[in-house]
$ cat start05.cif   # mmCIF, C-alpha atoms
data_upload
#
loop_
_atom_site.label_atom_id
_atom_site.label_comp_id
_atom_site.auth_asym_id
_atom_site.auth_seq_id
_atom_site.Cartn_x
_atom_site.Cartn_y
_atom_site.Cartn_z
CA MET A 1 -20.11 22.13 -7.61
CA ARG A 2 -18.77 21.10 -11.03
CA ILE A 3 -15.29 19.92 -12.05
CA ALA A 4 -15.04 22.97 -14.30
CA ASP A 5 -15.50 25.22 -11.26
CA ILE A 6 -12.56 23.55 -9.53
CA ARG A 7 -10.39 23.92 -12.64
CA ARG A 8 -11.13 27.62 -12.89
CA ALA A 9 -10.45 28.19 -9.20
CA GLY A 10 -6.93 26.78 -9.14
CA HIS A 11 -4.15 24.62 -10.57
CA VAL A 12 -5.35 21.00 -10.69
CA PRO A 13 -1.95 19.40 -11.60
CA THR A 14 -0.49 20.87 -8.42
CA LEU A 15 -3.36 19.39 -6.44
CA VAL A 16 -2.72 15.97 -8.01
CA ALA A 17 1.00 16.23 -7.27
CA SER A 18 0.27 17.21 -3.66
CA LEU A 19 -2.06 14.24 -3.26
CA LEU A 20 0.51 11.81 -4.67
CA HIS A 21 3.26 13.26 -2.48
CA PHE A 22 1.19 12.92 0.65
CA GLU A 23 -0.09 9.45 -0.32
CA VAL A 24 3.28 7.79 -0.85
CA SER A 25 4.95 9.67 2.01
CA PHE A 26 2.18 8.74 4.41
CA MET A 27 2.41 5.11 3.29
CA CYS A 28 6.10 5.04 4.19
CA TRP A 29 5.60 7.02 7.39
CA VAL A 30 3.35 4.29 8.87
CA LEU A 31 5.13 1.28 7.39
CA LEU A 32 6.64 0.20 10.70
CA GLY A 33 3.16 0.12 12.20
CA ALA A 34 1.76 -1.88 9.29
CA LEU A 35 4.66 -4.31 9.69
CA GLY A 36 4.40 -4.21 13.49
CA ILE A 37 3.37 -7.84 13.97
CA ALA A 38 6.16 -9.17 11.73
CA ILE A 39 8.74 -6.86 13.33
CA SER A 40 7.71 -7.65 16.91
CA ASP A 41 7.72 -11.40 16.23
CA ASP A 42 11.14 -11.17 14.58
CA LEU A 43 12.77 -9.02 17.27
CA GLY A 44 10.74 -10.28 20.25
CA LEU A 45 9.50 -6.86 21.39
CA ALA A 46 7.71 -6.23 24.71
CA PRO A 47 4.39 -4.30 24.60
CA TRP A 48 6.01 -0.97 25.51
CA ALA A 49 8.74 -1.53 22.90
CA LYS A 50 6.09 -2.25 20.26
CA GLY A 51 4.49 1.09 21.00
CA LEU A 52 7.87 2.82 20.90
CA ALA A 53 8.83 1.29 17.53
CA VAL A 54 5.50 2.30 16.02
CA GLY A 55 5.55 5.76 17.58
CA VAL A 56 9.13 6.86 16.79
CA PRO A 57 8.48 7.69 13.10
CA LEU A 58 5.40 9.65 14.17
CA VAL A 59 7.13 11.83 16.74
CA ALA A 60 10.16 12.24 14.45
CA GLY A 61 7.77 13.42 11.75
CA SER A 62 6.38 16.02 14.10
CA LEU A 63 9.87 17.41 14.69
CA PHE A 64 10.78 17.42 11.00
CA ARG A 65 7.57 19.32 10.23
CA LEU A 66 8.83 22.19 12.37
CA ILE A 67 11.77 22.43 9.99
CA VAL A 68 10.11 21.63 6.70
CA GLY A 69 7.11 23.97 7.09
CA PRO A 70 9.07 27.23 7.42
CA LEU A 71 11.64 25.97 4.91
CA ALA A 72 8.87 25.43 2.35
CA ASP A 73 7.68 29.00 2.99
CA ARG A 74 11.17 30.37 2.31
CA LYS A 75 12.57 28.10 -0.40
CA GLY A 76 9.35 26.91 -2.02
CA ALA A 77 7.33 23.73 -1.58
CA ARG A 78 8.53 22.24 -4.87
CA PRO A 79 12.25 21.81 -4.07
CA VAL A 80 11.61 21.05 -0.42
CA GLY A 81 8.99 18.44 -1.30
CA ALA A 82 11.37 16.76 -3.74
CA ALA A 83 14.08 16.67 -1.07
CA THR A 84 11.81 14.95 1.47
CA LEU A 85 11.04 12.23 -1.07
CA VAL A 86 14.75 11.64 -1.69
CA ILE A 87 15.46 11.34 2.05
CA THR A 88 12.56 8.92 2.46
CA VAL A 89 14.06 6.74 -0.28
CA VAL A 90 17.28 6.62 1.74
CA ALA A 91 15.31 5.62 4.86
CA VAL A 92 13.51 2.68 3.27
CA LEU A 93 16.69 1.44 1.60
CA TRP A 94 18.43 1.52 4.98
CA GLY A 95 15.55 -0.47 6.43
CA TRP A 96 15.88 -2.97 3.62
CA LEU A 97 19.65 -3.47 3.89
CA GLY A 98 19.98 -2.94 7.64
CA ALA A 99 17.68 -2.62 10.69
CA ARG A 100 18.82 -5.92 12.19
CA SER A 101 18.56 -4.69 15.79
CA VAL A 102 16.11 -2.67 17.85
CA VAL A 103 18.46 0.31 17.99
CA GLU A 104 18.96 0.35 14.23
CA LEU A 105 15.20 -0.08 13.73
CA LEU A 106 14.58 3.03 15.84
CA LEU A 107 17.16 4.97 13.82
CA VAL A 108 15.40 3.98 10.61
CA GLY A 109 12.15 5.07 12.24
CA ILE A 110 13.61 8.49 12.99
CA LEU A 111 14.64 8.95 9.37
CA LEU A 112 11.22 7.75 8.20
CA GLY A 113 9.88 10.71 10.14
CA VAL A 114 10.94 12.85 7.17
CA ALA A 115 8.08 11.22 5.23
CA GLY A 116 5.71 12.60 7.85
CA SER A 117 6.92 16.10 7.07
CA SER A 118 5.13 15.80 3.71
CA PHE A 119 2.20 17.22 5.60
CA ALA A 120 3.94 20.61 5.78
CA VAL A 121 4.57 20.55 2.02
CA ALA A 122 1.57 18.90 0.37
CA LEU A 123 -1.25 20.66 2.21
CA PRO A 124 0.07 24.24 1.92
CA LEU A 125 0.95 23.58 -1.73
CA ALA A 126 -2.60 22.44 -2.42
CA GLY A 127 -4.13 25.29 -0.43
CA LYS A 128 -2.11 28.00 -2.17
CA ALA A 129 -3.00 26.53 -5.56
CA PHE A 130 -6.68 27.48 -5.14
CA GLU A 131 -8.82 30.48 -4.39
CA PRO A 132 -9.75 30.96 -0.70
CA ARG A 133 -13.34 29.78 -1.22
CA LEU A 134 -12.10 26.28 -2.16
CA ARG A 135 -9.06 25.95 0.04
CA GLY A 136 -10.78 23.75 2.61
CA LEU A 137 -11.81 21.33 -0.14
CA ALA A 138 -8.38 21.44 -1.85
CA MET A 139 -6.50 20.81 1.38
CA GLY A 140 -8.99 18.09 2.26
CA ILE A 141 -8.41 16.36 -1.07
CA ALA A 142 -4.63 16.56 -0.68
CA GLY A 143 -5.01 15.41 2.91
CA ALA A 144 -6.88 12.33 1.69
CA GLY A 145 -3.40 11.12 0.81
CA ASN A 146 -3.40 9.75 4.33
CA SER A 147 -5.12 6.85 2.61
CA GLY A 148 -1.51 5.73 2.26
CA THR A 149 -2.28 4.07 5.58
CA VAL A 150 -4.79 1.86 3.76
CA VAL A 151 -2.19 0.86 1.19
CA ALA A 152 0.36 0.12 3.90
CA ALA A 153 -2.11 -1.87 6.00
CA LEU A 154 -3.39 -3.98 3.10
CA VAL A 155 -0.20 -4.56 1.14
CA ALA A 156 2.71 -4.53 3.59
CA PRO A 157 1.74 -7.53 5.81
CA ARG A 158 0.89 -9.63 2.77
CA LEU A 159 4.16 -8.81 1.04
CA ALA A 160 6.03 -9.51 4.28
CA GLY A 161 4.79 -13.09 4.11
CA HIS A 162 6.71 -13.49 0.83
CA VAL A 163 9.73 -11.20 1.03
CA GLY A 164 10.03 -10.47 4.76
CA TRP A 165 9.52 -7.10 6.41
CA HIS A 166 12.97 -5.90 5.30
CA GLY A 167 12.04 -6.68 1.70
CA VAL A 168 8.83 -4.64 2.00
CA LEU A 169 10.85 -1.59 2.97
CA GLY A 170 13.06 -2.09 -0.06
CA LEU A 171 10.09 -2.37 -2.41
CA ALA A 172 8.68 0.88 -1.02
CA SER A 173 11.47 2.76 -2.79
CA LEU A 174 9.84 2.07 -6.17
CA PRO A 175 6.62 4.12 -5.73
CA LEU A 176 8.66 6.80 -3.98
CA LEU A 177 10.87 7.25 -7.03
CA GLY A 178 7.85 7.31 -9.35
CA VAL A 179 6.11 10.00 -7.32
CA LEU A 180 9.32 12.02 -7.15
CA VAL A 181 9.34 12.27 -10.95
CA ALA A 182 5.61 13.10 -11.09
CA PHE A 183 5.90 15.73 -8.34
CA VAL A 184 8.67 17.62 -10.11
CA ALA A 185 6.82 17.41 -13.44
CA LEU A 186 3.35 18.48 -12.27
CA THR A 187 3.93 21.24 -9.72
CA ARG A 188 4.67 24.84 -10.53
CA SER A 189 6.89 27.03 -8.42
CA SER A 190 4.33 29.59 -7.22
CA PRO A 191 0.89 28.02 -7.65
CA ALA A 192 -1.15 30.96 -6.46
CA GLY A 193 1.31 33.77 -7.02
CA GLU A 194 0.80 34.46 -3.35
CA ALA A 195 3.66 35.93 -1.38
CA SER A 196 4.56 34.42 1.94
CA SER A 197 5.83 36.34 4.91
CA PRO A 198 7.48 33.62 6.94
CA GLN A 199 8.13 34.29 10.60
CA PRO A 200 10.12 32.31 13.17
CA LEU A 201 8.16 29.43 14.66
CA ARG A 202 8.42 31.12 18.05
CA SER A 203 6.43 34.06 16.67
CA VAL A 204 3.80 31.73 15.25
CA TRP A 205 3.61 29.82 18.54
CA MET A 206 2.92 33.07 20.40
CA SER A 207 -0.45 33.21 18.63
CA SER A 208 -3.21 31.80 20.82
CA ASP A 209 -4.99 30.64 17.66
CA ALA A 210 -1.97 28.55 16.67
CA ARG A 211 -1.76 26.97 20.12
CA SER A 212 -5.46 26.14 20.08
CA LEU A 213 -5.20 24.54 16.64
CA CYS A 214 -2.21 22.52 17.86
CA ALA A 215 -4.17 21.18 20.83
CA ILE A 216 -7.13 20.26 18.63
CA TYR A 217 -5.03 18.62 15.93
CA LEU A 218 -2.99 16.71 18.49
CA VAL A 219 -6.21 14.85 19.24
CA THR A 220 -7.77 14.56 15.76
CA PHE A 221 -4.71 13.65 13.71
CA GLY A 222 -2.86 12.06 16.61
CA GLY A 223 -5.87 9.86 17.28
CA PHE A 224 -6.16 8.93 13.61
CA VAL A 225 -2.54 8.11 12.80
CA GLY A 226 -1.68 6.72 16.22
CA MET A 227 -4.62 4.33 16.33
CA VAL A 228 -4.18 3.19 12.74
CA SER A 229 -0.47 2.59 13.28
CA PHE A 230 -0.98 0.57 16.45
CA LEU A 231 -4.18 -1.20 15.44
CA PRO A 232 -2.61 -4.41 14.03
CA ILE A 233 -0.70 -4.93 17.28
CA PHE A 234 -3.74 -4.01 19.39
CA LEU A 235 -6.01 -6.48 17.59
CA ARG A 236 -3.39 -9.22 17.77
CA ASP A 237 -2.74 -8.71 21.51
CA ALA A 238 -6.35 -8.09 22.57
CA TYR A 239 -8.13 -10.71 20.45
CA GLY A 240 -5.46 -13.06 19.16
CA VAL A 241 -6.46 -12.53 15.52
CA GLY A 242 -4.17 -13.40 12.62
CA ALA A 243 -1.89 -10.88 10.94
CA LEU A 244 -3.93 -10.74 7.71
CA TRP A 245 -7.24 -10.34 9.58
CA ALA A 246 -5.71 -7.48 11.58
CA ALA A 247 -4.33 -5.93 8.38
CA THR A 248 -7.73 -5.98 6.66
CA ALA A 249 -9.45 -4.51 9.71
CA THR A 250 -6.82 -1.78 9.93
CA ALA A 251 -7.32 -0.94 6.27
CA VAL A 252 -11.07 -0.56 6.82
CA CYS A 253 -10.53 1.78 9.77
CA ALA A 254 -7.84 3.78 7.98
CA GLY A 255 -10.01 4.04 4.88
CA SER A 256 -12.84 5.62 6.84
CA GLY A 257 -10.56 8.35 8.20
CA SER A 258 -9.02 9.03 4.81
CA LEU A 259 -12.29 9.13 2.88
CA LEU A 260 -13.99 11.38 5.41
CA ARG A 261 -11.18 13.93 5.57
CA PRO A 262 -12.21 15.73 2.34
CA PHE A 263 -15.83 15.49 3.46
CA GLY A 264 -14.91 17.21 6.73
CA GLY A 265 -13.15 19.95 4.77
CA LEU A 266 -16.10 20.40 2.40
CA ILE A 267 -18.67 20.66 5.21
CA ALA A 268 -16.36 23.02 7.07
CA ASP A 269 -16.20 25.24 3.96
CA LYS A 270 -19.97 25.62 4.25
CA VAL A 271 -20.56 25.91 8.01
CA GLY A 272 -17.11 26.52 9.51
CA GLY A 273 -14.65 24.04 11.01
CA GLU A 274 -15.49 25.18 14.54
CA ARG A 275 -19.03 23.82 14.05
CA VAL A 276 -17.91 20.44 12.70
CA LEU A 277 -15.38 19.57 15.39
CA PRO A 278 -17.69 19.20 18.44
CA ALA A 279 -19.57 16.38 16.70
CA VAL A 280 -16.27 14.78 15.73
CA PHE A 281 -14.96 14.70 19.28
CA SER A 282 -18.23 13.50 20.77
CA ILE A 283 -18.61 10.56 18.38
CA ALA A 284 -15.00 9.47 18.80
CA ALA A 285 -15.12 9.66 22.61
CA VAL A 286 -18.29 7.56 22.90
CA ALA A 287 -17.01 4.94 20.45
CA LEU A 288 -13.69 4.57 22.28
CA ILE A 289 -15.39 4.18 25.66
CA VAL A 290 -17.47 1.33 24.26
CA VAL A 291 -14.33 -0.29 22.77
CA ALA A 292 -12.70 -0.13 26.20
CA GLY A 293 -15.56 -2.30 27.47
CA GLY A 294 -14.26 -5.20 25.37
CA PRO A 295 -16.89 -5.98 22.71
CA SER A 296 -16.36 -8.68 20.07
CA PRO A 297 -13.57 -8.23 17.49
CA VAL A 298 -16.06 -7.38 14.74
CA ALA A 299 -17.88 -4.86 16.93
CA THR A 300 -14.55 -3.35 17.95
CA VAL A 301 -13.56 -2.85 14.33
CA GLY A 302 -16.95 -1.25 13.60
CA LEU A 303 -16.63 1.14 16.54
CA LEU A 304 -13.05 2.04 15.68
CA THR A 305 -14.09 2.65 12.08
CA LEU A 306 -16.61 5.14 13.42
CA ALA A 307 -14.11 6.78 15.79
CA ILE A 308 -11.28 6.98 13.26
CA GLY A 309 -13.62 8.16 10.51
CA SER A 310 -14.85 10.96 12.76
CA LEU A 311 -11.31 12.02 13.59
CA GLY A 312 -10.47 11.96 9.87
CA ALA A 313 -13.32 14.37 9.18
CA GLY A 314 -11.99 16.49 12.04
CA ASN A 315 -8.59 16.68 10.35
CA GLY A 316 -10.23 18.22 7.29
CA ALA A 317 -12.16 20.65 9.46
CA VAL A 318 -9.03 21.84 11.26
CA PHE A 319 -7.31 22.66 7.99
CA GLN A 320 -10.26 24.60 6.75
CA ILE A 321 -9.53 26.97 9.62
CA VAL A 322 -5.73 27.21 9.18
CA PRO A 323 -5.57 29.21 5.90
CA ARG A 324 -8.30 31.55 7.11
CA ARG A 325 -6.50 32.45 10.32
CA PHE A 326 -3.01 32.47 8.77
CA PRO A 327 -3.41 33.25 5.05
CA THR A 328 0.22 34.29 4.45
CA GLN A 329 1.91 31.70 6.66
CA ILE A 330 0.15 28.48 5.77
CA GLY A 331 3.40 26.52 5.56
CA ALA A 332 4.75 27.53 8.96
CA VAL A 333 1.44 27.06 10.76
CA THR A 334 0.74 23.79 8.96
CA GLY A 335 4.16 22.56 10.05
CA LEU A 336 3.54 23.60 13.66
CA VAL A 337 0.01 22.21 13.84
CA GLY A 338 1.10 19.09 12.00
CA ALA A 339 3.92 18.64 14.50
CA ALA A 340 1.36 18.59 17.29
CA GLY A 341 -0.58 15.94 15.39
CA GLY A 342 2.55 13.82 14.99
CA LEU A 343 3.26 14.15 18.70
CA GLY A 344 -0.25 12.91 19.43
CA GLY A 345 0.39 10.02 17.05
CA PHE A 346 3.42 9.04 19.13
CA LEU A 347 1.73 9.42 22.51
CA LEU A 348 -1.20 7.17 21.60
CA PRO A 349 0.65 3.94 20.64
CA PHE A 350 3.36 4.44 23.22
CA GLY A 351 0.75 5.13 25.90
CA LEU A 352 -1.28 2.08 24.92
CA GLY A 353 1.85 -0.06 24.98
CA VAL A 354 2.90 1.22 28.41
CA THR A 355 -0.55 0.73 29.96
CA LYS A 356 -0.63 -2.81 28.52
CA SER A 357 2.74 -3.52 30.13
CA TRP A 358 1.61 -2.06 33.48
CA THR A 359 -1.95 -3.38 33.71
CA GLY A 360 -2.09 -6.32 31.32
CA SER A 361 -4.87 -4.76 29.24
CA TYR A 362 -5.60 -1.78 27.00
CA VAL A 363 -8.67 -0.56 28.94
CA LEU A 364 -6.94 2.30 30.76
CA GLY A 365 -5.19 3.45 27.60
CA LEU A 366 -8.40 3.52 25.54
CA ALA A 367 -10.19 5.43 28.29
CA ALA A 368 -7.37 7.98 28.29
CA VAL A 369 -7.76 8.49 24.53
CA ALA A 370 -11.49 9.08 25.00
CA VAL A 371 -10.74 11.67 27.69
CA ALA A 372 -8.28 13.33 25.30
CA CYS A 373 -11.12 13.68 22.78
CA LEU A 374 -13.16 15.51 25.39
CA GLY A 375 -10.11 17.66 26.08
CA GLY A 376 -9.92 18.55 22.41
CA CYS A 377 -13.54 19.62 22.54
CA ALA A 378 -12.76 21.82 25.55
CA ALA A 379 -9.84 23.42 23.66
CA LEU A 380 -12.19 24.15 20.76
CA ILE A 381 -14.80 25.79 22.99
CA HIS A 382 -12.10 27.97 24.51
CA ALA A 383 -10.81 28.94 21.06
CA THR A 384 -14.20 29.86 19.63
CA ARG A 385 -14.51 32.60 22.22
CA ARG A 386 -11.70 34.41 20.40
CA TRP A 387 -12.26 33.45 16.80
CA ARG A 388 -13.93 35.91 14.51
CA LEU A 389 -13.73 33.89 11.29
CA VAL A 390 -14.59 35.55 7.99
CA PRO A 391 -17.72 33.85 6.54
CA VAL A 392 -16.97 31.47 3.67
CA GLN A 393 -18.29 32.73 0.34
CA VAL A 394 -19.99 29.75 -1.28
CA PRO A 395 -20.66 30.16 -5.00
CA ALA A 396 -24.29 30.01 -6.05
#
$ encode --input "start05.cif" --output "structure tokens"
Amino acid sequence: MRIADIRRAGHVPTLVASLLHFEVSFMCWVLLGALGIAISDDLGLAPWAKGLAVGVPLVAGSLFRLIVGPLADRKGARPVGAATLVITVVAVLWGWLGARSVVELLLVGILLGVAGSSFAVALPLAGKAFEPRLRGLAMGIAGAGNSGTVVAALVAPRLAGHVGWHGVLGLASLPLLGVLVAFVALTRSSPAGEASSPQPLRSVWMSSDARSLCAIYLVTFGGFVGMVSFLPIFLRDAYGVGALWAATATAVCAGSGSLLRPFGGLIADKVGGERVLPAVFSIAAVALIVVAGGPSPVATVGLLTLAIGSLGAGNGAVFQIVPRRFPTQIGAVTGLVGAAGGLGGFLLPFGLGVTKSWTGSYVLGLAAVAVACLGGCAALIHATRRWRLVPVQVPA
């Protein structure tokens, strides 16, 4: 496939704007996780409280997606996307000037959840900007903006050593403002000229396909974002490594999931997302079981890179299916499915923190995540009995 083919099949500036929106929003969405060691040391958090602080922005993001997805269908992704960037600026500035207590930190985390709603803007915007034959690839490319986790993991802990974790939140407002300008300048109001027929979320939820996709994405995206967000704390608690070592390892793991997301979408365009996902779940489950056995820190990072990379590819595969099953309601379904993913992202760190508090180790929590991967595979098998997907037309 050539670059010229992609240009002819859609609006590339809109794709770029979607990628930038998702990148900077995702970076801010996981900032509390990237700064988790500094925050927990400063506020003296217990293991369960660490998981709660990391997970609150993720679950808040899942709730905001339920609002932003349908709103983007009705009002347009361009104005709604700009509004989410403005609110995220407010959140990071509050974190910079305030957040001196656990309660205030959690309130900032809730507002940072708006950044997570970028998912319900950027991906549908990218998908609608291209012809159906390339939507999996386009949404995978936009979804690679979850590499914002890499930026957060690499940069935030290092900056915190110089300006403190409050200062890092303040500095985050600068790229947000830059992307806000670029987003407004690059996007066009109706990228594909495709009419939407938004329905209430309750109507969308009544679809068995939507519920199946929610269950699958709860595991793939929830596993990706939840593990990446909690990984610095996990590595520090389990192996006693330094903050910068944990940050670098987290960036490696996050990078694998981000880079493989477009690859998962591209392969799914060729063979179907329902054929990619079983391999994804199997690889992730096996890797997590081995991690629960307590290998060396380096081996653990290697195994988690494999698990998180597989789940990242699974994220791309899921969103190859979404526009095919719901071609006129991509925003609403993306918001609903994305909400399930955000919920999974909350359950993973909070669950790991609680099991650490109860048992003194992360073994039970890691085993539970592996079982959840197998559950996602079971949900997929159940769904494929109903799906009659239209074959993807791949250009010669």
$ resolve_selection --input "start05.cif" --expression "the PyMOL selection byres ((chain A and resi 170) around 9)" --output "number ranges by chain"
A: 89, 92-97, 165-169, 171-174
$ resolve_selection --input "start05.cif" --expression "the PyMOL selection byres ((chain A and resi 211) around 12)" --output "PDB file with C-alpha atoms, in the frame of the given file"
ATOM      1  CA  LEU A 201       8.160  29.430  14.660  1.00  0.00           C
ATOM      2  CA  ARG A 202       8.420  31.120  18.050  1.00  0.00           C
ATOM      3  CA  SER A 203       6.430  34.060  16.670  1.00  0.00           C
ATOM      4  CA  VAL A 204       3.800  31.730  15.250  1.00  0.00           C
ATOM      5  CA  TRP A 205       3.610  29.820  18.540  1.00  0.00           C
ATOM      6  CA  MET A 206       2.920  33.070  20.400  1.00  0.00           C
ATOM      7  CA  SER A 207      -0.450  33.210  18.630  1.00  0.00           C
ATOM      8  CA  SER A 208      -3.210  31.800  20.820  1.00  0.00           C
ATOM      9  CA  ASP A 209      -4.990  30.640  17.660  1.00  0.00           C
ATOM     10  CA  ALA A 210      -1.970  28.550  16.670  1.00  0.00           C
ATOM     11  CA  SER A 212      -5.460  26.140  20.080  1.00  0.00           C
ATOM     12  CA  LEU A 213      -5.200  24.540  16.640  1.00  0.00           C
ATOM     13  CA  CYS A 214      -2.210  22.520  17.860  1.00  0.00           C
ATOM     14  CA  ALA A 215      -4.170  21.180  20.830  1.00  0.00           C
ATOM     15  CA  ILE A 216      -7.130  20.260  18.630  1.00  0.00           C
ATOM     16  CA  TYR A 217      -5.030  18.620  15.930  1.00  0.00           C
ATOM     17  CA  LEU A 218      -2.990  16.710  18.490  1.00  0.00           C
ATOM     18  CA  VAL A 322      -5.730  27.210   9.180  1.00  0.00           C
ATOM     19  CA  VAL A 333       1.440  27.060  10.760  1.00  0.00           C
ATOM     20  CA  THR A 334       0.740  23.790   8.960  1.00  0.00           C
ATOM     21  CA  LEU A 336       3.540  23.600  13.660  1.00  0.00           C
ATOM     22  CA  VAL A 337       0.010  22.210  13.840  1.00  0.00           C
ATOM     23  CA  GLY A 338       1.100  19.090  12.000  1.00  0.00           C
ATOM     24  CA  ALA A 339       3.920  18.640  14.500  1.00  0.00           C
ATOM     25  CA  ALA A 340       1.360  18.590  17.290  1.00  0.00           C
ATOM     26  CA  GLY A 376      -9.920  18.550  22.410  1.00  0.00           C
ATOM     27  CA  ALA A 379      -9.840  23.420  23.660  1.00  0.00           C
ATOM     28  CA  LEU A 380     -12.190  24.150  20.760  1.00  0.00           C
ATOM     29  CA  HIS A 382     -12.100  27.970  24.510  1.00  0.00           C
ATOM     30  CA  ALA A 383     -10.810  28.940  21.060  1.00  0.00           C
TER      31      ALA A 383
END
$ closest_residue --input "start05.cif" --among "A:Leu45, A:Thr187, A:Phe130, A:Gly226" --to "A:Trp29" --atoms "all atoms listed in the file"
A:Gly226
$ resolve_selection --input "start05.cif" --expression "the PyMOL selection byres ((chain A and resi 257) around 10)" --output "ChimeraX atom specification"
/A:144,146-147,149-150,221,224-225,228,252-256,258-262,264,305-316
$ residues_around --input "start05.cif" --residues "A:Pro232" --least-positions-apart "4" --cutoff "10 Å" --atoms "all atoms listed in the file" --output "list in words"
Gly33, Ala34, Leu35, Gly36, Ile37, Ala153, Pro157, Met227, Val228, Arg236, Asp237, Val241, Gly242, Ala243, Leu244, Trp245, Ala246, Ala247, Thr248, Ala249, Thr250 and Ala251 of chain A
$ residues_around --input "start05.cif" --residues "A:Arg188" --least-positions-apart "5" --cutoff "12 Å" --atoms "only C-alpha atoms" --output "list in words"
Gly10, His11, Val12, Pro13, Thr14, Leu15, Val16, Ala17, Ser18, Gly76, Ala77, Arg78, Pro79, Leu125, Ala126, Lys128, Ala129, Ala182, Phe183 and Gly193 of chain A
$ decode --input "start05.cif" --residues "stretch 290-303 of chain A" --atoms "N, CA, C and O atoms" --output "JSON list (two decimals), in the first residue's frame"
[["chain", "number", "residue", "atom", "x", "y", "z"],
["A", 290, "VAL", "N", 3.28, -16.32, 33.82],
["A", 290, "VAL", "CA", 4.72, -16.46, 34.09],
["A", 290, "VAL", "C", 5.19, -15.30, 34.98],
["A", 290, "VAL", "O", 5.99, -15.50, 35.90],
["A", 291, "VAL", "N", 4.70, -14.09, 34.74],
["A", 291, "VAL", "CA", 5.08, -12.94, 35.58],
["A", 291, "VAL", "C", 4.64, -13.18, 37.02],
["A", 291, "VAL", "O", 5.37, -12.83, 37.97],
["A", 292, "ALA", "N", 3.48, -13.78, 37.22],
["A", 292, "ALA", "CA", 2.99, -14.06, 38.57],
["A", 292, "ALA", "C", 3.92, -15.00, 39.32],
["A", 292, "ALA", "O", 3.95, -14.99, 40.56],
["A", 293, "GLY", "N", 4.71, -15.80, 38.58],
["A", 293, "GLY", "CA", 5.67, -16.70, 39.21],
["A", 293, "GLY", "C", 6.89, -16.01, 39.78],
["A", 293, "GLY", "O", 7.70, -16.64, 40.46],
["A", 294, "GLY", "N", 7.05, -14.71, 39.51],
["A", 294, "GLY", "CA", 8.13, -13.95, 40.10],
["A", 294, "GLY", "C", 9.49, -14.09, 39.45],
["A", 294, "GLY", "O", 10.47, -14.34, 40.14],
["A", 295, "PRO", "N", 9.60, -13.94, 38.13],
["A", 295, "PRO", "CA", 10.92, -13.99, 37.49],
["A", 295, "PRO", "C", 11.73, -12.74, 37.84],
["A", 295, "PRO", "O", 11.27, -11.88, 38.61],
["A", 296, "SER", "N", 12.92, -12.61, 37.27],
["A", 296, "SER", "CA", 13.78, -11.46, 37.53],
["A", 296, "SER", "C", 13.13, -10.18, 36.99],
["A", 296, "SER", "O", 12.23, -10.24, 36.15],
["A", 297, "PRO", "N", 13.57, -9.02, 37.46],
["A", 297, "PRO", "CA", 12.99, -7.76, 36.96],
["A", 297, "PRO", "C", 13.10, -7.63, 35.44],
["A", 297, "PRO", "O", 12.15, -7.19, 34.79],
["A", 298, "VAL", "N", 14.24, -7.99, 34.87],
["A", 298, "VAL", "CA", 14.42, -7.86, 33.42],
["A", 298, "VAL", "C", 13.47, -8.81, 32.69],
["A", 298, "VAL", "O", 12.84, -8.44, 31.69],
["A", 299, "ALA", "N", 13.37, -10.05, 33.18],
["A", 299, "ALA", "CA", 12.46, -11.01, 32.55],
["A", 299, "ALA", "C", 11.01, -10.55, 32.67],
["A", 299, "ALA", "O", 10.21, -10.70, 31.74],
["A", 300, "THR", "N", 10.68, -9.97, 33.82],
["A", 300, "THR", "CA", 9.32, -9.46, 34.02],
["A", 300, "THR", "C", 8.99, -8.37, 33.01],
["A", 300, "THR", "O", 7.91, -8.37, 32.40],
["A", 301, "VAL", "N", 9.92, -7.46, 32.80],
["A", 301, "VAL", "CA", 9.70, -6.39, 31.83],
["A", 301, "VAL", "C", 9.53, -6.97, 30.43],
["A", 301, "VAL", "O", 8.67, -6.55, 29.66],
["A", 302, "GLY", "N", 10.36, -7.97, 30.08],
["A", 302, "GLY", "CA", 10.24, -8.60, 28.77],
["A", 302, "GLY", "C", 8.88, -9.27, 28.58],
["A", 302, "GLY", "O", 8.25, -9.13, 27.53],
["A", 303, "LEU", "N", 8.42, -9.98, 29.61],
["A", 303, "LEU", "CA", 7.13, -10.66, 29.52],
["A", 303, "LEU", "C", 5.97, -9.66, 29.47],
["A", 303, "LEU", "O", 5.00, -9.86, 28.72]]
